[in-house]
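Asks: Quick one: the structure is below, and I'll ask about it shortly.
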Number of protein chains: 2
Amino acid sequence: MFNLFSLKGGLNNVEGFFCDGVNVGMKTNPANSGDSDIDGDVAFIRSSVPCDVTARFTSNKFQAAPIKHYQKYEEGFQTDFILMNAKNANAMTGEQGIKDIEDIFETLQEQYKVKNPIMSSTGVIGYRLNQEKITSAFSKFDYDAKNSDKAARSIMTTDSFKKELSFQIELDDGSSFNIAAICKGAGMINPAMATMLCFVTTDADIPKDDMEELLSEATEGSFNRISVDGDTSTNDTIMLLANKLSGAYHKEAFREALNKITFELAMMILKDGEGANKLVAFEVKGAKTEDEARTASIALSNSLLVKTALFGEDPNWGRIASTIGASGIDCDDSTLTIHYDNLLIYSNEQRELDKEREDKAYTIMKNSSFKVTCDLGLGNGNYTSYGCDLSYEYVKINAEYRT
Amino acid sequence: MFNLFSLKGGLNNVEGFFCDGVNVGMKTNPANSGDSDIDGDVAFIRSSVPCDVTARFTSNKFQAAPIKHYQKYEEGFQTDFILMNAKNANAMTGEQGIKDIEDIFETLQEQYKVKNPIMSSTGVIGYRLNQEKITSAFSKFDYDAKNSDKAARSIMTTDSFKKELSFQIELDDGSSFNIAAICKGAGMINPAMATMLCFVTTDADIPKDDMEELLSEATEGSFNRISVDGDTSTNDTIMLLANKLSGAYHKEAFREALNKITFELAMMILKDGEGANKLVAFEVKGAKTEDEARTASIALSNSLLVKTALFGEDPNWGRIASTIGASGIDCDDSTLTIHYDNLLIYSNEQRELDKEREDKAYTIMKNSSFKVTCDLGLGNGNYTSYGCDLSYEYVKINAEYRT
């Protein structure tokens with residue numbers, strides 16, 4: 001029905017979108033990427049024609065100023081410019097934080113013919129943006145650049161690698177459209193819009209209603225299912241921008257492509273989880289309801305004791321069981337089974353881990369990714385979330401973040 | 001109205017109670033205490049006359065076998081013997097786990113004239129008790145000993161110091177009674193019966209109804225308010241044993257003594273929190289309801305980002321604010337204020353932390369304990385919970401726990 005191809009070059013592949021990133025002195029150390037270059041700290045994504053836009057934001061009650069500013073736009077407004085910055089979240093900055101955005105936009109609109117800009121920020125909470133530094137980027141930007149690499153690097157904070165993906169979708173009638181995204185995130189990752197910042201661009205001719213429906217579905221299947229530390233940021237944002245320039249569209253194809261791009265980006269965030277070495281899927285099935293499966297699955301991906309056992313490569317299934325029991329859902333130790341990949345770790349008949357199974361479990365846990373399946377044996381509720389281990393490095397990164 | 005005196009010697013001060021602890025080879029390494037002695041691993045508390053008993057247990061759905069066994073006793077039963085062991089939680093052991101306790105008790109009842117024993121276990125989940133080792137303690141115990149020190153040490157797992165307290169209460173009429181407790185716990189501490197094991201003995205002539213009422217109140221004010229890691233064990237138990245031998249009682253005096261003993265033990269658990277260096281009180285006030293204050297307060301004491309900022313001694317109040325916002329309660333950044341001890345850290349008027357206040361904040365955070373007060377400015381809901389920092393050591397302890 002359609003073919004989906006992975007492309008290199010991130011946002012660059014999408015017709016009518018331009019982007020660039022520059023350094024204005026907010027990132028003053030070589031980036032975490034290990035490159036000797038200092039990454040950018042201010043970036044943009046621009047569309048040559050006005051875009052429809054759909055966004056989902058953090059559930060944190062203290063939404064950052066750029067989110068509050070966005071929400072002042074009326075339903076159905078179109079944007080031509082996304083301005084992004086790292087190092088400063090512009091959160092808990094009150095009315096002044098919103099006014100700072102308005103001032104920055106005034107400069108942008110006057111001098112660079114931008115019509116309806118959107119701002120998106122990430123970094124430390126509680127400090128005003130440095131307007132002078134941010135606006136100094138405007139004369140440095142190459143507005144006709146297709147520089148996805150620089151844009152993706154500019155929004156990195158504790159990320160150790162840039163996150164960008166791009167797909168081309170060929171339809172049966174020979175028409176095609178593109179979808180691409182850049183994303184940042186490594187900490188403050190809770191299964192509630194755990195994305196930090198993600199910008200998806202497409203030239204598909206997608207109706208606005210489909211944008212809303214499919215972005216919700218894609219977010220639920222990806223960023224709402226990953227946990228690094230169970231903390232939810234004030235700035236989490238996912239935005240889908242559609243400029244329709246390809247003239248092509250197919251709903252199921254777009255759904256598949258968007259689900260794929262958001263899921264793969266979510267897994268990239270998890271692999272880049274601060275100090276993380278392992279990516280683990282926690283499937284809870286056989287729960288009385290899907291809600292109960294979700295509660296237990298997310299408790300597992302958030303549990304400190306589970307995370308440290310993963311880091312220690314210790315097949316201590318007692319912590320898995322204890323976490324399920326503590327999550328408050330209906331469960332019964334006589335119907336429960338636990339598997340690591342295909343290895344039975346616990347059942348009513350085989351409660352103690354003998355030497356042979358323990359050795360096999362160690363082997364599985366040494367892998368960089370594996371699956372823990374907990375079948376409660378009580379119903380049809382099923383949910384999978386994704387977590388990572390907690391290492392010394394996480395503590396180090398977060399004890400030293402601001403300094 | 002009454003005087004309360006702190007005594008040394010833990011359980012030894014309470015009339016009619018005897019206790020001892022021995023090593024039967026389950027703890028094979030020198031204890032965490034750093035002593036060269038190997039601590040005991042099986043212990044008892046015995047009363048010369050039958051005791052009334054009141055208990056509160058973990059909210060974990062997978063309650064350990066000793067808890068299930070206890071619940072088979074009928075309302076109003078009296079006990080004369082508590083058998084305790086470390087290293088093995090007898091949890092997730094199914095019917096066999098309960099049968100093992102029954103077998104052990106058969107030996108105890110036949111050979112040592114014990115009538116109604118209760119068992120309490122702590123340690124690794126998912127392995128059967130070694131009956132032979134446990135029962136080998138019975139010929140080693142000194143049944144007439146008052147050896148609170150050994151009993152308290154025997155129930156230690158990752159604890160780095162023993163936890164025991166004792167108070168004498170003198171009433172106006174010249175009569176007096178005693179209350180004492182031993183307790184263990186350092187990890188798997190969530191504000192939901194975060195006690196692991198705690199045994200309170202008294203010779204007060206307390207009515208059973210008061211035991212129920214006052215133990216609930218004391219637990220809510222202490223063990224239900226502390227967090228090391230937000231995980232809830234399968235074995236959490238607090239038990240109040242009253243043999244009435246002093247003949248003395250005064251409800252308000254007993255309430256104060258019990259609240260004091262449980263609160264101080266809870267603080268000892270927190271100070272001994274795995275790898276923890278700091279004890280921090282998180283007071284949330286001005287919330288719309290007490291429930292909302294509790295939700296936010298507990299979110300703060302459980303947050304990984306707050307805990308690592310405490311470890312880093314980083315006055316990054318953005319993480320405090322972000323955690324309150326993420327907890328889902330009603331809050332408003334224009335009415336919120338945050339203090340560290342008496343230092344104003346954040347208010348609507350003073351959002352950015354200037355150099356002077358930041359320096360003062362550093363000084364406060366270097367203390368081994370301090371208070372974070374968040375006033376939401378919305379109502380009268382007030383709640384305080386207690387947390388600690390998260391260090392490399394926590395990760396080390398929990399990555400290596402079973403090995």
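Residues are referred to by chain and number: the chain letter is A, B, ... according to the order shown in the structure tokens, the number counts from 1 in that chain, and ligands are numbered separately from 1 in the order shown.
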Excluding region 124-137 of chain A and its own-chain neighbours fewer than 4 positions away, which residues fall within 10 Å of it when counting only C-alpha atoms? Please give them as a ChimeraX atom specification.

Replies: /A:21-26,40-44,64,83-94,96-98,100-101,103-105,107-108,141-142,157,233-235,401-402 /B:316-319,321-322,346,351-353

Asks: With a distance threshold of 6 Å and counting only C-alpha atoms, extract the residues of chain A near chain B and express them as a ChimeraX atom specification.

Replies: /A:60-62,125-127,232,308-309,312,318,325-326,352,392,395,398-399

Asks: Near region 159-169 of chain A, counting only C-alpha atoms, which residues have an atom at most 6 Å away, once you skip same-chain residues fewer than 3 positions from it, shown as a list in words?

Replies: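 The residues satisfying every condition are Asn3, Leu4, Phe5, Ser6, Leu7, Gly10, Asn32, Ser33, Ala152, Arg153, Met156, Ser176, Phe177, Asn178, Ile179, Ala180, Ala181, Ile182, Cys183 and Ala186 of chain A.
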
Asks: When you count only C-alpha atoms, which of these residues is closest to Cys388 (chain B): B:Asp236, B:Glu274, B:Asp341, B:Asp291?

Replies: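 Among B:Asp236, B:Glu274, B:Asp341, B:Asp291, it is B:Glu274 that comes nearest to Cys388 (chain B).
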
Asks: If we count only C-alpha atoms and set the cut-off at 7 Å, which residues sit around Lys208 (chain B), ignoring sequence neighbours fewer than 3 positions away in its own chain? Please answer as a CSV table (one decimal) with C-alpha atoms, in the first residue's frame.

Replies:
```
chain,number,residue,atom,x,y,z
B,52,ASP,CA,-1.8,-7.8,73.8
B,211,MET,CA,-3.3,0.5,71.4
B,212,GLU,CA,-5.0,0.5,68.0
```

Asks: Going by DSSP on the backbone, which residues of region 12-150 of chain B come out as strand (DSSP E)? List them as a PyMOL selection string.

Replies: chain B and resi 17-22+42-57+79-85+117-121

Asks: Have a look at B:Asn147, B:Asn13, B:Ser246, B:Thr335 and name the one nearest to Ile206 (chain B); count only C-alpha atoms.

Replies: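 Once distances to Ile206 (chain B) are computed over only C-alpha atoms, the minimum belongs to B:Ser246.
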
Asks: Would you list the contacts of region 258-265 of chain A as a VMD selection string, taking every protein, DNA or RNA residue within 7 Å and counting only C-alpha atoms, but skipping same-chain residues closer than 3 positions in sequence?

Replies: chain A and resid 163 165 218 to 219 221 to 222 254 to 255 268 to 269

Asks: Using the selection just defined, write its residues with N, CA and C atoms as a PDB file, in the first residue's frame.

Replies:
```pdb
ATOM      1  N   LYS A 163      19.648  13.864  18.194  1.00  0.00           N
ATOM      2  CA  LYS A 163      18.560  12.959  17.849  1.00  0.00           C
ATOM      3  C   LYS A 163      17.785  13.533  16.673  1.00  0.00           C
ATOM      4  N   LEU A 165      15.679  12.109  12.890  1.00  0.00           N
ATOM      5  CA  LEU A 165      15.243  10.993  12.058  1.00  0.00           C
ATOM      6  C   LEU A 165      14.455  11.559  10.886  1.00  0.00           C
ATOM      7  N   ALA A 218       0.480   8.908  18.581  1.00  0.00           N
ATOM      8  CA  ALA A 218       1.925   8.666  18.509  1.00  0.00           C
ATOM      9  C   ALA A 218       2.604   8.978  19.848  1.00  0.00           C
ATOM     10  N   THR A 219       2.160  10.044  20.514  1.00  0.00           N
ATOM     11  CA  THR A 219       2.749  10.429  21.793  1.00  0.00           C
ATOM     12  C   THR A 219       2.479   9.359  22.848  1.00  0.00           C
ATOM     13  N   GLY A 221       2.024   6.244  22.375  1.00  0.00           N
ATOM     14  CA  GLY A 221       2.774   5.016  22.091  1.00  0.00           C
ATOM     15  C   GLY A 221       4.279   5.156  22.250  1.00  0.00           C
ATOM     16  N   SER A 222       4.743   6.368  22.537  1.00  0.00           N
ATOM     17  CA  SER A 222       6.193   6.577  22.542  1.00  0.00           C
ATOM     18  C   SER A 222       6.636   7.341  23.787  1.00  0.00           C
ATOM     19  N   PHE A 254       0.751   7.835   6.993  1.00  0.00           N
ATOM     20  CA  PHE A 254       1.250   8.885   7.874  1.00  0.00           C
ATOM     21  C   PHE A 254       1.260   8.401   9.321  1.00  0.00           C
ATOM     22  N   ARG A 255       0.182   7.693   9.730  1.00  0.00           N
ATOM     23  CA  ARG A 255       0.097   7.162  11.078  1.00  0.00           C
ATOM     24  C   ARG A 255       1.321   6.277  11.365  1.00  0.00           C
ATOM     25  N   MET A 268      15.702   6.466  21.500  1.00  0.00           N
ATOM     26  CA  MET A 268      16.984   7.182  21.496  1.00  0.00           C
ATOM     27  C   MET A 268      17.164   7.964  22.804  1.00  0.00           C
ATOM     28  N   ILE A 269      16.090   8.574  23.267  1.00  0.00           N
ATOM     29  CA  ILE A 269      16.159   9.302  24.548  1.00  0.00           C
ATOM     30  C   ILE A 269      16.538   8.343  25.665  1.00  0.00           C
TER      31      ILE A 269
END
```

Asks: Counting only C-alpha atoms, which of B:Gly379, B:Gly286, B:Gly76, B:Gly275 gets nearest to Ile338 (chain B)?

Replies: B:Gly286

Asks: Quick one: of B:Ile45, B:Leu343, B:Ala248, B:Leu376, who's nearest to Asp149 (chain B), counting only C-alpha atoms?

Replies: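 Among the listed residues, the smallest separation from Asp149 (chain B) belongs to B:Ile45.
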
Asks: Just how far from CA of Lys271 (chain A) is CA of Tyr383 (chain A), in Å to one decimal?

Replies: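 The value is 20.3 Å.
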
Asks: Write out as a ChimeraX atom specification the residues lying within 6 Å of Ser47 (chain A), counting only C-alpha atoms and excluding same-chain residues fewer than 4 positions away.

Replies: /A:16-17,80
